[in-house]
Structures are given as C-alpha cells and as structure tokens.
file coords-v5.cif (mmCIF, C-alpha atoms, pLDDT in the B column; chains and numbers go by the auth columns)
data_work
loop_
_atom_site.group_PDB
_atom_site.id
_atom_site.type_symbol
_atom_site.label_atom_id
_atom_site.label_comp_id
_atom_site.label_asym_id
_atom_site.label_seq_id
_atom_site.Cartn_x
_atom_site.Cartn_y
_atom_site.Cartn_z
_atom_site.B_iso_or_equiv
_atom_site.auth_seq_id
_atom_site.auth_asym_id
ATOM 1 C CA MET A 1 -7.357 2.165 14.399 98.00 887 J
ATOM 2 C CA ALA A 2 -5.176 0.659 11.665 98.00 888 J
ATOM 3 C CA VAL A 3 -4.039 -2.932 11.090 98.00 889 J
ATOM 4 C CA SER A 4 -2.321 -4.643 8.189 98.00 890 J
ATOM 5 C CA CYS A 5 -0.893 -7.838 6.749 98.00 891 J
ATOM 6 C CA SER A 6 -3.193 -10.523 8.158 98.00 892 J
ATOM 7 C CA HIS A 7 -2.485 -12.646 5.050 97.00 893 J
ATOM 8 C CA GLY A 8 -5.581 -14.779 4.650 97.00 894 J
ATOM 9 C CA ASN A 9 -5.115 -18.300 5.933 95.00 895 J
ATOM 10 C CA HIS A 10 -1.869 -17.245 7.654 95.00 896 J
ATOM 11 C CA VAL A 11 -3.724 -15.007 10.112 97.00 897 J
ATOM 12 C CA ASP A 12 -2.765 -15.516 13.742 97.00 898 J
ATOM 13 C CA LYS A 13 -6.025 -16.298 15.558 96.00 899 J
ATOM 14 C CA VAL A 14 -4.802 -14.831 18.855 97.00 900 J
ATOM 15 C CA ALA A 15 -3.753 -11.598 17.146 98.00 901 J
ATOM 16 C CA ALA A 16 -7.035 -11.387 15.220 98.00 902 J
ATOM 17 C CA ALA A 17 -9.045 -11.878 18.403 98.00 903 J
ATOM 18 C CA ALA A 18 -6.985 -9.249 20.231 98.00 904 J
ATOM 19 C CA VAL A 19 -7.481 -6.469 17.669 98.00 905 J
ATOM 20 C CA CYS A 20 -11.174 -7.286 17.317 98.00 906 J
ATOM 21 C CA LYS A 21 -11.534 -7.108 21.116 98.00 907 J
ATOM 22 C CA PHE A 22 -9.804 -3.720 21.094 98.00 908 J
ATOM 23 C CA ARG A 23 -12.127 -2.563 18.332 98.00 909 J
ATOM 24 C CA GLU A 24 -15.203 -3.582 20.317 98.00 910 J
ATOM 25 C CA ALA A 25 -13.937 -1.945 23.500 97.00 911 J
ATOM 26 C CA TRP A 26 -13.010 1.441 22.030 97.00 912 J
ATOM 27 C CA LYS A 27 -15.438 1.599 19.061 97.00 913 J
ATOM 28 C CA PRO A 28 -13.196 3.790 16.867 98.00 914 J
ATOM 29 C CA SER A 29 -14.939 5.885 14.237 97.00 915 J
ATOM 30 C CA MET A 30 -12.340 4.838 11.638 98.00 916 J
ATOM 31 C CA VAL A 31 -11.067 1.257 11.360 98.00 917 J
ATOM 32 C CA VAL A 32 -8.634 0.631 8.523 98.00 918 J
ATOM 33 C CA HIS A 33 -7.081 -2.520 7.103 98.00 919 J
ATOM 34 C CA LEU A 34 -3.997 -1.344 5.229 98.00 920 J
ATOM 35 C CA GLY A 35 -3.806 -4.311 2.886 98.00 921 J
ATOM 36 C CA ASP A 36 -2.595 -7.868 2.411 98.00 922 J
ATOM 37 C CA PHE A 37 -5.761 -9.241 3.993 98.00 923 J
ATOM 38 C CA VAL A 38 -5.347 -12.242 1.653 98.00 924 J
ATOM 39 C CA ASP A 39 -2.066 -13.971 0.852 95.00 925 J
ATOM 40 C CA THR A 40 -2.547 -15.150 -2.774 93.00 926 J
ATOM 41 C CA ALA A 41 0.587 -17.326 -2.683 90.00 927 J
ATOM 42 C CA ALA A 42 -0.484 -19.298 -5.769 89.00 928 J
ATOM 43 C CA PHE A 43 -0.639 -16.034 -7.742 90.00 929 J
ATOM 44 C CA ARG A 44 2.836 -14.897 -6.718 80.00 930 J
ATOM 45 C CA SER A 45 5.247 -14.018 -9.472 79.00 931 J
ATOM 46 C CA GLY A 46 7.772 -16.828 -9.418 65.00 932 J
ATOM 47 C CA ALA A 47 5.378 -19.314 -7.797 58.00 933 J
ATOM 48 C CA LYS A 48 5.570 -21.635 -10.804 70.00 934 J
ATOM 49 C CA GLY A 49 7.413 -24.802 -9.829 60.00 935 J
ATOM 50 C CA SER A 50 7.399 -23.960 -6.110 65.00 936 J
ATOM 51 C CA SER A 51 5.162 -25.142 -3.275 69.00 937 J
ATOM 52 C CA ASP A 52 3.255 -21.842 -3.531 68.00 938 J
ATOM 53 C CA GLU A 53 1.844 -22.930 -6.887 73.00 939 J
ATOM 54 C CA SER A 54 -0.120 -25.711 -5.167 67.00 940 J
ATOM 55 C CA THR A 55 -1.381 -23.571 -2.268 85.00 941 J
ATOM 56 C CA PRO A 56 -5.198 -23.836 -2.118 91.00 942 J
ATOM 57 C CA ILE A 57 -6.868 -20.605 -3.200 94.00 943 J
ATOM 58 C CA GLY A 58 -10.318 -20.967 -1.647 96.00 944 J
ATOM 59 C CA PRO A 59 -9.286 -21.313 2.029 96.00 945 J
ATOM 60 C CA ASP A 60 -7.019 -18.268 1.714 97.00 946 J
ATOM 61 C CA ILE A 61 -9.770 -16.021 0.336 98.00 947 J
ATOM 62 C CA ASP A 62 -12.294 -17.441 2.824 98.00 948 J
ATOM 63 C CA ALA A 63 -9.997 -16.703 5.773 98.00 949 J
ATOM 64 C CA GLY A 64 -9.227 -13.197 4.541 98.00 950 J
ATOM 65 C CA CYS A 65 -12.910 -12.333 4.184 98.00 951 J
ATOM 66 C CA LYS A 66 -13.770 -13.935 7.525 98.00 952 J
ATOM 67 C CA PHE A 67 -11.279 -11.737 9.349 98.00 953 J
ATOM 68 C CA LEU A 68 -12.638 -8.620 7.638 98.00 954 J
ATOM 69 C CA GLN A 69 -16.140 -9.599 8.708 98.00 955 J
ATOM 70 C CA GLU A 70 -14.928 -9.901 12.305 98.00 956 J
ATOM 71 C CA LEU A 71 -12.936 -6.646 12.219 98.00 957 J
ATOM 72 C CA ARG A 72 -15.669 -4.658 10.408 98.00 958 J
ATOM 73 C CA PRO A 73 -13.330 -2.067 8.870 98.00 959 J
ATOM 74 C CA THR A 74 -14.635 1.227 7.562 98.00 960 J
ATOM 75 C CA MET A 75 -11.838 1.309 4.981 98.00 961 J
ATOM 76 C CA VAL A 76 -9.750 -1.337 3.237 98.00 962 J
ATOM 77 C CA ILE A 77 -6.666 -0.444 1.215 98.00 963 J
ATOM 78 C CA THR A 78 -5.243 -2.784 -1.394 98.00 964 J
ATOM 79 C CA GLY A 79 -1.808 -4.232 -0.661 98.00 965 J
ATOM 80 C CA ASN A 80 0.666 -5.840 -3.025 97.00 966 J
ATOM 81 C CA HIS A 81 -0.793 -9.310 -2.328 97.00 967 J
ATOM 82 C CA GLU A 82 -4.270 -8.222 -3.486 98.00 968 J
ATOM 83 C CA GLN A 83 -2.720 -6.317 -6.378 97.00 969 J
ATOM 84 C CA ARG A 84 -1.555 -9.648 -7.817 96.00 970 J
ATOM 85 C CA LEU A 85 -5.200 -10.509 -8.511 97.00 971 J
ATOM 86 C CA TYR A 86 -5.913 -7.203 -10.239 97.00 972 J
ATOM 87 C CA ARG A 87 -2.803 -7.514 -12.387 95.00 973 J
ATOM 88 C CA LEU A 88 -3.574 -11.100 -13.414 95.00 974 J
ATOM 89 C CA GLN A 89 -7.044 -10.219 -14.687 96.00 975 J
ATOM 90 C CA ASP A 90 -5.269 -9.398 -17.956 95.00 976 J
ATOM 91 C CA HIS A 91 -3.156 -12.570 -18.012 95.00 977 J
ATOM 92 C CA HIS A 92 -2.757 -14.284 -21.389 95.00 978 J
ATOM 93 C CA ASN A 93 -3.864 -17.585 -19.826 94.00 979 J
ATOM 94 C CA ALA A 94 -7.669 -17.489 -19.771 96.00 980 J
ATOM 95 C CA ILE A 95 -7.894 -19.833 -16.772 94.00 981 J
ATOM 96 C CA ILE A 96 -5.683 -17.597 -14.644 93.00 982 J
ATOM 97 C CA SER A 97 -7.418 -14.458 -15.902 96.00 983 J
ATOM 98 C CA ASP A 98 -10.908 -15.771 -15.191 97.00 984 J
ATOM 99 C CA CYS A 99 -9.917 -17.009 -11.727 96.00 985 J
ATOM 100 C CA ALA A 100 -8.405 -13.635 -10.827 97.00 986 J
ATOM 101 C CA MET A 101 -11.491 -11.778 -12.084 98.00 987 J
ATOM 102 C CA SER A 102 -13.785 -14.014 -10.047 98.00 988 J
ATOM 103 C CA ILE A 103 -11.836 -13.384 -6.847 98.00 989 J
ATOM 104 C CA VAL A 104 -11.678 -9.622 -7.472 98.00 990 J
ATOM 105 C CA SER A 105 -15.447 -9.614 -7.935 98.00 991 J
ATOM 106 C CA ARG A 106 -15.869 -11.495 -4.661 98.00 992 J
ATOM 107 C CA LEU A 107 -13.670 -9.034 -2.788 98.00 993 J
ATOM 108 C CA GLN A 108 -15.601 -6.090 -4.222 98.00 994 J
ATOM 109 C CA LYS A 109 -18.879 -7.643 -3.059 98.00 995 J
ATOM 110 C CA GLN A 110 -17.385 -8.250 0.376 98.00 996 J
ATOM 111 C CA MET A 111 -16.480 -4.559 0.738 98.00 997 J
ATOM 112 C CA LYS A 112 -19.991 -3.517 -0.266 98.00 998 J
ATOM 113 C CA GLN A 113 -21.441 -5.844 2.359 98.00 999 J
ATOM 114 C CA LEU A 114 -19.120 -4.303 4.943 98.00 1000 J
ATOM 115 C CA LYS A 115 -19.975 -0.801 3.661 98.00 1001 J
ATOM 116 C CA ALA A 116 -16.244 -0.123 3.691 98.00 1002 J
ATOM 117 C CA GLU A 117 -14.435 2.289 1.403 98.00 1003 J
ATOM 118 C CA TYR A 118 -12.237 0.141 -0.840 98.00 1004 J
ATOM 119 C CA VAL A 119 -9.031 1.560 -2.312 98.00 1005 J
ATOM 120 C CA GLU A 120 -8.505 -0.791 -5.249 97.00 1006 J
ATOM 121 C CA ASN A 121 -4.936 -0.095 -6.220 95.00 1007 J
ATOM 122 C CA TRP A 122 -1.441 -0.330 -4.778 96.00 1008 J
ATOM 123 C CA SER A 123 0.886 2.521 -5.684 95.00 1009 J
ATOM 124 C CA ILE A 124 2.693 5.490 -4.199 96.00 1010 J
ATOM 125 C CA ARG A 125 -0.370 7.647 -4.998 95.00 1011 J
ATOM 126 C CA ASP A 126 -3.032 5.436 -3.442 96.00 1012 J
ATOM 127 C CA TYR A 127 -3.543 6.718 0.076 98.00 1013 J
ATOM 128 C CA ARG A 128 -6.213 8.336 2.218 98.00 1014 J
ATOM 129 C CA MET A 129 -5.813 11.038 4.839 98.00 1015 J
ATOM 130 C CA VAL A 130 -6.613 10.928 8.540 98.00 1016 J
ATOM 131 C CA GLY A 131 -5.829 14.304 10.065 98.00 1017 J
ATOM 132 C CA ASN A 132 -2.271 15.120 8.983 98.00 1018 J
ATOM 133 C CA TYR A 133 -1.283 11.481 8.258 98.00 1019 J
ATOM 134 C CA LYS A 134 -1.494 9.424 5.089 98.00 1020 J
ATOM 135 C CA LEU A 135 -2.912 5.885 5.301 98.00 1021 J
ATOM 136 C CA MET A 136 -1.481 3.423 2.776 98.00 1022 J
ATOM 137 C CA HIS A 137 -0.111 -0.083 2.391 98.00 1023 J
ATOM 138 C CA GLY A 138 3.504 0.933 1.830 98.00 1024 J
ATOM 139 C CA PHE A 139 6.041 0.192 -0.882 97.00 1025 J
ATOM 140 C CA THR A 140 9.563 0.203 0.587 94.00 1026 J
ATOM 141 C CA PHE A 141 11.443 -2.941 1.620 86.00 1027 J
ATOM 142 C CA SER A 142 14.745 -2.010 3.246 88.00 1028 J
ATOM 143 C CA GLU A 143 15.788 -1.939 6.902 90.00 1029 J
ATOM 144 C CA ASN A 144 15.176 1.816 6.708 95.00 1030 J
ATOM 145 C CA ALA A 145 11.677 1.400 5.250 96.00 1031 J
ATOM 146 C CA GLY A 146 10.007 3.508 7.937 97.00 1032 J
ATOM 147 C CA ARG A 147 12.411 6.390 7.467 98.00 1033 J
ATOM 148 C CA ASP A 148 12.168 6.107 3.693 98.00 1034 J
ATOM 149 C CA MET A 149 8.371 6.113 3.829 98.00 1035 J
ATOM 150 C CA ALA A 150 8.382 9.244 5.998 98.00 1036 J
ATOM 151 C CA GLU A 151 10.819 11.007 3.694 98.00 1037 J
ATOM 152 C CA SER A 152 8.826 10.026 0.616 97.00 1038 J
ATOM 153 C CA MET A 153 5.280 10.565 1.877 98.00 1039 J
ATOM 154 C CA GLY A 154 5.514 12.802 4.961 98.00 1040 J
ATOM 155 C CA ASN A 155 3.525 11.666 7.994 98.00 1041 J
ATOM 156 C CA VAL A 156 2.368 8.158 7.109 98.00 1042 J
ATOM 157 C CA ILE A 157 0.791 5.029 8.606 98.00 1043 J
ATOM 158 C CA PHE A 158 1.592 1.871 6.655 98.00 1044 J
ATOM 159 C CA GLY A 159 2.054 -1.907 6.763 98.00 1045 J
ATOM 160 C CA HIS A 160 3.947 -4.002 4.216 97.00 1046 J
ATOM 161 C CA THR A 161 7.249 -4.608 6.048 96.00 1047 J
ATOM 162 C CA HIS A 162 5.780 -6.571 9.022 96.00 1048 J
ATOM 163 C CA ARG A 163 8.074 -4.617 11.377 96.00 1049 J
ATOM 164 C CA PRO A 164 6.127 -2.410 13.829 97.00 1050 J
ATOM 165 C CA SER A 165 8.102 0.770 14.284 97.00 1051 J
ATOM 166 C CA VAL A 166 8.113 4.546 14.474 98.00 1052 J
ATOM 167 C CA SER A 167 10.694 6.265 12.291 98.00 1053 J
ATOM 168 C CA LYS A 168 11.546 9.883 11.607 98.00 1054 J
ATOM 169 C CA GLY A 169 12.213 11.372 8.203 98.00 1055 J
ATOM 170 C CA ARG A 170 15.202 13.626 7.548 97.00 1056 J
ATOM 171 C CA ARG A 171 13.173 16.639 6.422 97.00 1057 J
ATOM 172 C CA ASP A 172 12.517 20.051 7.890 97.00 1058 J
ATOM 173 C CA ASP A 173 8.874 19.178 8.546 97.00 1059 J
ATOM 174 C CA ASN A 174 9.998 16.301 10.854 97.00 1060 J
ATOM 175 C CA PRO A 175 7.653 13.623 9.445 98.00 1061 J
ATOM 176 C CA SER A 176 6.924 10.302 11.171 98.00 1062 J
ATOM 177 C CA GLY A 177 6.438 6.879 9.620 98.00 1063 J
ATOM 178 C CA TYR A 178 4.373 4.382 11.647 98.00 1064 J
ATOM 179 C CA CYS A 179 4.547 0.761 10.538 98.00 1065 J
ATOM 180 C CA VAL A 180 1.709 -1.238 12.121 98.00 1066 J
ATOM 181 C CA GLY A 181 3.394 -4.654 11.878 97.00 1067 J
ATOM 182 C CA THR A 182 1.579 -7.857 10.952 97.00 1068 J
ATOM 183 C CA LEU A 183 -1.295 -10.002 12.234 98.00 1069 J
ATOM 184 C CA ALA A 184 -0.009 -13.146 10.534 96.00 1070 J
ATOM 185 C CA ASN A 185 1.290 -16.284 12.194 93.00 1071 J
ATOM 186 C CA ILE A 186 4.898 -15.590 11.308 88.00 1072 J
ATOM 187 C CA PRO A 187 6.340 -19.154 11.600 85.00 1073 J
ATOM 188 C CA ASN A 188 3.665 -20.391 9.171 81.00 1074 J
ATOM 189 C CA MET A 189 4.788 -18.117 6.350 76.00 1075 J
ATOM 190 C CA ASP A 190 6.999 -20.536 4.433 67.00 1076 J
ATOM 191 C CA TYR A 191 8.074 -18.072 1.751 64.00 1077 J
ATOM 192 C CA ALA A 192 9.979 -16.033 4.346 66.00 1078 J
ATOM 193 C CA SER A 193 11.126 -18.791 6.705 69.00 1079 J
ATOM 194 C CA ALA A 194 14.780 -18.672 5.636 70.00 1080 J
ATOM 195 C CA ARG A 195 15.157 -14.892 5.582 77.00 1081 J
ATOM 196 C CA ARG A 196 17.007 -13.281 8.473 82.00 1082 J
ATOM 197 C CA SER A 197 14.783 -10.198 8.249 81.00 1083 J
ATOM 198 C CA THR A 198 11.846 -12.362 9.374 86.00 1084 J
ATOM 199 C CA GLN A 199 13.374 -12.287 12.864 88.00 1085 J
ATOM 200 C CA SER A 200 12.529 -8.574 13.050 90.00 1086 J
ATOM 201 C CA TRP A 201 8.841 -9.095 12.239 94.00 1087 J
ATOM 202 C CA ALA A 202 6.245 -8.690 14.966 96.00 1088 J
ATOM 203 C CA GLY A 203 2.545 -8.248 15.534 97.00 1089 J
ATOM 204 C CA GLY A 204 1.011 -4.867 16.129 98.00 1090 J
ATOM 205 C CA PHE A 205 -1.427 -2.127 15.227 98.00 1091 J
ATOM 206 C CA VAL A 206 -1.743 1.649 15.500 98.00 1092 J
ATOM 207 C CA TRP A 207 -4.529 3.573 17.205 98.00 1093 J
ATOM 208 C CA GLY A 208 -5.121 7.164 18.168 98.00 1094 J
ATOM 209 C CA GLU A 209 -7.171 10.339 17.928 98.00 1095 J
ATOM 210 C CA TYR A 210 -7.630 12.681 15.005 98.00 1096 J
ATOM 211 C CA CYS A 211 -9.316 15.877 13.903 97.00 1097 J
ATOM 212 C CA ASP A 212 -9.313 17.713 10.580 95.00 1098 J
ATOM 213 C CA ASP A 213 -5.656 18.726 10.682 95.00 1099 J
ATOM 214 C CA ARG A 214 -3.950 16.597 13.325 97.00 1100 J
ATOM 215 C CA THR A 215 -3.518 12.966 14.361 98.00 1101 J
ATOM 216 C CA VAL A 216 -1.964 11.690 17.601 98.00 1102 J
ATOM 217 C CA LEU A 217 -0.908 8.041 17.484 98.00 1103 J
ATOM 218 C CA TRP A 218 0.143 5.113 19.662 98.00 1104 J
ATOM 219 C CA LEU A 219 1.793 1.945 18.404 98.00 1105 J
ATOM 220 C CA HIS A 220 1.195 -1.416 20.023 98.00 1106 J
ATOM 221 C CA GLU A 221 4.041 -3.836 19.297 97.00 1107 J
ATOM 222 C CA GLN A 222 3.634 -7.555 19.986 96.00 1108 J
ATOM 223 C CA PRO A 223 6.933 -9.506 19.928 93.00 1109 J
ATOM 224 C CA GLN A 224 6.934 -12.923 18.260 90.00 1110 J
ATOM 225 C CA THR A 225 7.977 -14.497 21.558 90.00 1111 J
ATOM 226 C CA GLU A 226 4.901 -13.254 23.470 91.00 1112 J
ATOM 227 C CA THR A 227 1.534 -14.906 22.936 88.00 1113 J
ATOM 228 C CA GLU A 228 -0.588 -12.817 25.327 93.00 1114 J
ATOM 229 C CA TRP A 229 -1.764 -9.458 23.995 96.00 1115 J
ATOM 230 C CA ARG A 230 -1.967 -6.986 26.893 95.00 1116 J
ATOM 231 C CA LEU A 231 -4.045 -4.060 25.660 95.00 1117 J
ATOM 232 C CA PRO A 232 -5.580 -0.946 27.318 91.00 1118 J
ATOM 233 C CA ILE A 233 -9.071 -2.467 27.544 90.00 1119 J
#
call {"tool": "encode", "arguments": {"input": "coords-v5.cif", "output": "structure tokens"}}
result
Amino acid sequence: MAVSCSHGNHVDKVAAAAVCKFREAWKPSMVVHLGDFVDTAAFRSGAKGSSDESTPIGPDIDAGCKFLQELRPTMVITGNHEQRLYRLQDHHNAIISDCAMSIVSRLQKQMKQLKAEYVENWSIRDYRMVGNYKLMHGFTFSENAGRDMAESMGNVIFGHTHRPSVSKGRRDDNPSGYCVGTLANIPNMDYASARRSTQSWAGGFVWGEYCDDRTVLWLHEQPQTETEWRLPI
C-alpha cells in the first residue's frame, strides 16, 4: 500500500481516516508513505515576504507526525517538502539552520519509533523496489509527469504531482507510472489556489500484491467533488 502528499497540517481528515481504515482491514506487509508528509511552507524557497513565511511550524510538524503514527508505515521516503529541511541545515543564518536541524532530528526519532525504513533524500536515485516497481517521491512536474516518470525510471509508483493516474512509457519494455495522488485538503493549500492545474488534483492511493520479481497494482482515485471514500473493505 502506498500513499503520498498528506502535507502536515493540510491533511484531509476524511482521506486520512479512509486510508488508515483500509490499512487496518487488509493489513498489508508493506505500507509506504512516498513523501511530503509535512508541508514546511515557512521553509519554502521564495517564502520570504509572503504569507508562507508566517505559517506556524510546530502545528505542521505535529500533524505530519500524527498521521504517520496513525498510518504506521513500514517505509517513509523523503519528498521535496522534507528535503527543504535537510537543505537548510547548512543555511548561513544560524537560526534557520538550527531550526531545520532540530526538526530533522525529530523526524529521525519519529521513524525509529515507528520502526520504519527512512529514505532521507530526494533525488532521481533515491528509490526502493517492490517486485518489479520502483517506489519514490517523484520529480517531474508537467502534464505528462506520469509518462515521463515511466520513461525515466521504468515501472514506478510515485506521488509529487497530486494527480492520481496510470501512464505508459514509450519504451519497448512497456513501463507503467502510477501516481498515487494526494491526501491533502486541496482547497486549503493556498500556495496552489490560483493554479489551473490544481483542478486536476485528487485524492488516492495505490495497493496491490507483489513477489520477488512482479507487482500487480490497483489505483484508487478520489475526486475532489466526492467526500465519501468507497473502498473494498
């Protein structure tokens, strides 16, 4: 089971409850959060002078950790929103650097408490395998992100774009890219409220079966306009 992009204090409580209920019902052997479990708006590049700069840090980190505690993942992969904290540990401003280091330390302790494998970097090389699929946060942004991910990485399960989808890569090995969507409350995400692409975002997650060399997947897509999650439980 793989989820992504719950975004700390932006998490949709109905979506969070739904995926946790699914987890309890099916008891998957592998539960993965693919990143952006915190939002870190105040640490965003370009936040200076915007409303993001005044976004409270504590409630965001608290909410992100609370959802992980409820989900009980076996693996957590760093997304670009967590990567902000790692990058800013070396900031020239000691206040920012110390704050980022403190939060990173807290997240590391949280993963140890969960006994979850923690992939502490966001790059094209930071992925884990499940059967014949790569698990990663994702790094492409365009309308063809799913196709581009499949062509770049082969069979891949990712988050990042907030658009649940299944796309095929134009390669002779016929790879598939599964985007799991988001678990965030989309209207509450101010930084994307005026972008047309936000209209294509939706909730979702991926689940399936795997063995050493094969994975068979199903995508659950939850449109923004529907509040009730109808799941096979």
call {"tool": "resolve_selection", "arguments": {"input": "coords-v5.cif", "expression": "the PyMOL selection byres ((chain J and resi 1087) around 6)", "output": "ChimeraX atom specification"}}
result
/J:1048-1049,1084-1086,1088
call {"tool": "closest_residue", "arguments": {"input": "coords-v5.cif", "among": "J:Glu1107, J:Glu1037, J:Asp925, J:Glu1006", "to": "Val905 in chain J", "atoms": "all atoms listed in the file"}}
result
J:Glu1107
call {"tool": "atom_distance", "arguments": {"input": "coords-v5.cif", "atom1": "CA of Val889 in chain J", "atom2": "CA of Ala1070 in chain J"}}
result
11.0 Å
call {"tool": "resolve_selection", "arguments": {"input": "coords-v5.cif", "expression": "the PyMOL selection byres ((chain J and resi 1067) around 12)", "output": "ChimeraX atom specification"}}
result
/J:888-892,901,919-922,1023-1024,1032,1043-1052,1064-1066,1068-1072,1084,1086-1092,1105-1110
call {"tool": "residues_around", "arguments": {"input": "coords-v5.cif", "residues": "Ile943 in chain J", "least_positions_apart": "5", "cutoff": "9 Å", "atoms": "all atoms listed in the file", "output": "ChimeraX atom specification"}}
result
/J:926-929,948
call {"tool": "atom_distance", "arguments": {"input": "coords-v5.cif", "atom1": "CA of Ser915 in chain J", "atom2": "CA of Trp1093 in chain J"}}
result
11.1 Å
call {"tool": "closest_residue", "arguments": {"input": "coords-v5.cif", "among": "J:Arg1033, J:His977, J:Lys1001, J:Lys899", "to": "Lys952 in chain J", "atoms": "only C-alpha atoms"}}
result
J:Lys899
